[in-house]
Amino acid sequence: MIDEGLRSELQKQGIYTTTLQELYNWGRANSVWPLTFGLACCAIEMIAASMSRFDLARFGAEVFRPSPRQADLMIVAGTVTKKMAPLVVRLYNQMPEPKYVIAMGACAISGGPFKQGYNVLKGIDRYLPVDVSIPGCPPRPEALIHAIMTLQEKILNQKLTGPDRPRHLVEGAPSEFPVPAYGEHDLEPSSNPQLWQPPAIKR
Amino acid sequence: METPDQIKSRLETAVPGAKIEVLTNDCPAGERSLLVDPAHVLAVAKFLHDDPQLRLDYCSNVTGVDWPETEITEQIKVKQVVDGVEKEVEEVKKTVRPGFHEVVYHLYSMELKHGPVVLRQRTVNRDAEAPAVSLTPVWRGCEFQEREVFDLFGIWLEGHPDLRRILMWDGFKGFPMRKDYVTPDDFEYEPTPHDKVLAEARKHYPPEVKA
């Protein structure tokens with residue numbers, strides 16, 4: 001690794017140095033392409049964020065892809081019903097690595113106001129590894145932009161080697177997650193135990 | 001627009017044999033509705049749709065109501081002979097009203113710009129053998145809403161072109177909007193301000209360790 005002081009000194013002379021890791025992360029962080037899909041009212045805020053007033057394009061994330069094969073980011077925007085959950089997981093499985101998930105709004109995080117209902121999934125984190133959660137009902141477009149910036153920061157700070165490297169560089173790490181099946185009253189299994197455990201009670 | 005009573009009297013001449021009742025409503029709006037027996041409801045619907053004075057060409061809303069079996073208690077005065085003297089004695093009478101389903105239609109006229117006329121039909125009981133009658137042949141727009149009524153209430157609608165579940169998946173068991181539907185017990189630890197949810201979630205807490 002090059003010394004920070006030397007690097008800044010070289011920059012003043014017009015010589016830029018970087019590492020492969022920085023270049024790779026810089027490229028990834030500034031071209032996060034979300035998948036075009038919305039589930040409920042949060043999607044309206046997501047659409048607003050991508051339009052000219054809020055202009056998500058400033059962050060390199062304006063290219064909403066119509067196919068999961070071309071997308072890097074899944075914005076779970078809205079209520080995930082139990083009927084919809086297997087399809088959301090399948091869409092995630094169809095995305096190529098590296099891929100990220102933003103859970104947008106109260107419903108995607110926990111089921112929100114519908115949590116005790118018979119038909120709503122109590123949070124997409126039961127089946128998918130969520131990178132950033134945005135609270136709100138629905139969150140403002142600024143909140144979504146903040147989430148994208150948080151995700152970019154997360155990508156920029158990833159190390160490509162060592163035990164903390166991102167999942168897609170780990171040999172044998174899962175890229176696909178099991179798609180739940182429709183049961184008689186609930187999805188089976190009702191959560192992926194490798195990803196999610198019920199919160200422990202502290203006394 | 002005609003009042004429900006006027007519609008009723010015209011219907012009784014137009015559809016002979018139809019048992020029509022005008023139901024009152026205690027709510028502030030006091031909107032009255034027409035209760036029609038399932039055997040004649042299709043003919044009644046056709047009349048409401050085609051009649052030049054009504055022209056109810058738009059069915060805006062279809063919904064179901066589940067009436068479970070209930071015990072009705074009422075106090076009545078009964079004349080009894082006590083010690084040779086006739087007296088009026090109050091008695092509590094209990095009757096069991098069997099459960100049934102109701103399908104409610106809200107009808108409007110786009111052409112004459114009036115409405116709504118509320119149309120109801122009742123099933124005999126809450127089983128599959130006692131179906132209500134689908135009005136999709138009269139109002140095409142009823143199709144999805146009647147499927148929803150079937151999906152959530154389990155009201156079988158005879159004559160529906162495609163009676164399948166619409167909101168829940170095909171393998172789903174039970175009808176979630178029925179009064180006796182038991183939701184799956186999938187509560188877990190959560191801090192919540194809702195007492196009912198908290199009571200349910202408590203059952204799933206690990207047993208308290210006493211020091």
# chains A, B, ... in the order shown; residues from 1 in each chain; ligands from 1
$ interface_residues --of "chain A" --to "chain B" --cutoff "10 Å" --atoms "only C-alpha atoms" --output "list in words"
Thr81, Lys82, Lys83, Met84, Lys115, Gln116, Gly117, Tyr118, Asn119, Lys122, Tyr182, Gly183, Glu184, His185, Asp186, Ser190, Pro198, Pro199, Ala200, Ile201 and Arg203 of chain A
$ select_by_dssp --residues "region 6-141 of chain A" --states "strand (DSSP E)" --output "list in words"
Leu73, Met74, Ile75, Val76, Ala77, Tyr100, Val101, Ile102, Ala103, Met104, Val132, Ser133 and Ile134 of chain A
$ closest_residue --among "B:His160, B:His40, B:Arg178, B:Lys87" --to "Gly141 (chain B)" --atoms "only C-alpha atoms"
B:His160
$ residues_around --residues "Trp67 (chain B)" --least-positions-apart "4" --cutoff "12 Å" --atoms "only C-alpha atoms" --output "PDB file with N, CA and C atoms, in the first residue's frame"
ATOM      1  N   GLU B  71     -76.878 -16.699  19.257  1.00  0.00           N
ATOM      2  CA  GLU B  71     -77.986 -16.915  20.177  1.00  0.00           C
ATOM      3  C   GLU B  71     -78.602 -15.548  20.474  1.00  0.00           C
ATOM      4  N   ARG B  97     -80.226 -18.342  16.032  1.00  0.00           N
ATOM      5  CA  ARG B  97     -80.409 -18.010  14.628  1.00  0.00           C
ATOM      6  C   ARG B  97     -79.288 -18.683  13.838  1.00  0.00           C
ATOM      7  N   PRO B  98     -79.634 -19.535  12.871  1.00  0.00           N
ATOM      8  CA  PRO B  98     -78.569 -20.208  12.126  1.00  0.00           C
ATOM      9  C   PRO B  98     -77.739 -19.203  11.332  1.00  0.00           C
ATOM     10  N   GLY B  99     -76.482 -19.566  11.112  1.00  0.00           N
ATOM     11  CA  GLY B  99     -75.589 -18.669  10.386  1.00  0.00           C
ATOM     12  C   GLY B  99     -75.894 -18.655   8.896  1.00  0.00           C
ATOM     13  N   PHE B 100     -75.560 -17.565   8.274  1.00  0.00           N
ATOM     14  CA  PHE B 100     -75.746 -17.480   6.820  1.00  0.00           C
ATOM     15  C   PHE B 100     -74.762 -16.456   6.262  1.00  0.00           C
ATOM     16  N   HIS B 101     -74.698 -16.414   4.941  1.00  0.00           N
ATOM     17  CA  HIS B 101     -73.848 -15.436   4.268  1.00  0.00           C
ATOM     18  C   HIS B 101     -74.719 -14.456   3.517  1.00  0.00           C
ATOM     19  N   GLU B 102     -74.174 -13.285   3.306  1.00  0.00           N
ATOM     20  CA  GLU B 102     -74.900 -12.268   2.572  1.00  0.00           C
ATOM     21  C   GLU B 102     -73.946 -11.692   1.522  1.00  0.00           C
ATOM     22  N   VAL B 103     -74.457 -11.444   0.324  1.00  0.00           N
ATOM     23  CA  VAL B 103     -73.665 -10.757  -0.689  1.00  0.00           C
ATOM     24  C   VAL B 103     -74.372  -9.439  -0.981  1.00  0.00           C
ATOM     25  N   ARG B 122     -79.142 -13.587   0.366  1.00  0.00           N
ATOM     26  CA  ARG B 122     -78.691 -14.370   1.507  1.00  0.00           C
ATOM     27  C   ARG B 122     -78.678 -15.848   1.167  1.00  0.00           C
ATOM     28  N   THR B 123     -77.683 -16.552   1.690  1.00  0.00           N
ATOM     29  CA  THR B 123     -77.656 -18.000   1.518  1.00  0.00           C
ATOM     30  C   THR B 123     -78.395 -18.637   2.686  1.00  0.00           C
ATOM     31  N   VAL B 124     -78.700 -19.928   2.517  1.00  0.00           N
ATOM     32  CA  VAL B 124     -79.444 -20.613   3.569  1.00  0.00           C
ATOM     33  C   VAL B 124     -78.536 -20.887   4.764  1.00  0.00           C
ATOM     34  N   ASN B 125     -77.339 -21.396   4.498  1.00  0.00           N
ATOM     35  CA  ASN B 125     -76.386 -21.612   5.584  1.00  0.00           C
ATOM     36  C   ASN B 125     -74.997 -21.270   5.077  1.00  0.00           C
ATOM     37  N   ARG B 126     -73.963 -21.679   5.844  1.00  0.00           N
ATOM     38  CA  ARG B 126     -72.615 -21.254   5.482  1.00  0.00           C
ATOM     39  C   ARG B 126     -71.829 -22.343   4.772  1.00  0.00           C
ATOM     40  N   PHE B 153     -64.550 -14.993   1.886  1.00  0.00           N
ATOM     41  CA  PHE B 153     -65.686 -15.404   2.711  1.00  0.00           C
ATOM     42  C   PHE B 153     -66.111 -16.855   2.473  1.00  0.00           C
ATOM     43  N   ILE B 155     -68.081 -17.847  -0.084  1.00  0.00           N
ATOM     44  CA  ILE B 155     -69.461 -17.869  -0.564  1.00  0.00           C
ATOM     45  C   ILE B 155     -69.412 -18.369  -2.002  1.00  0.00           C
ATOM     46  N   MET B 177     -61.731 -13.964   5.974  1.00  0.00           N
ATOM     47  CA  MET B 177     -62.622 -12.915   6.466  1.00  0.00           C
ATOM     48  C   MET B 177     -63.811 -13.475   7.240  1.00  0.00           C
ATOM     49  N   ARG B 178     -63.918 -14.796   7.333  1.00  0.00           N
ATOM     50  CA  ARG B 178     -65.001 -15.365   8.136  1.00  0.00           C
ATOM     51  C   ARG B 178     -64.732 -15.116   9.609  1.00  0.00           C
ATOM     52  N   LYS B 179     -65.830 -14.988  10.361  1.00  0.00           N
ATOM     53  CA  LYS B 179     -65.696 -14.664  11.783  1.00  0.00           C
ATOM     54  C   LYS B 179     -64.954 -15.750  12.544  1.00  0.00           C
ATOM     55  N   ASP B 180     -65.062 -16.997  12.072  1.00  0.00           N
ATOM     56  CA  ASP B 180     -64.461 -18.095  12.835  1.00  0.00           C
ATOM     57  C   ASP B 180     -63.091 -18.494  12.296  1.00  0.00           C
TER      58      ASP B 180
END
$ atom_distance --atom1 "CA of Pro86 (chain A)" --atom2 "CA of His168 (chain A)"
22.4 Å
$ atom_distance --atom1 "CA of Tyr92 (chain A)" --atom2 "CA of Trp33 (chain A)"
13.5 Å
$ atom_distance --atom1 "CA of Arg65 (chain A)" --atom2 "CA of Phe37 (chain A)"
9.1 Å
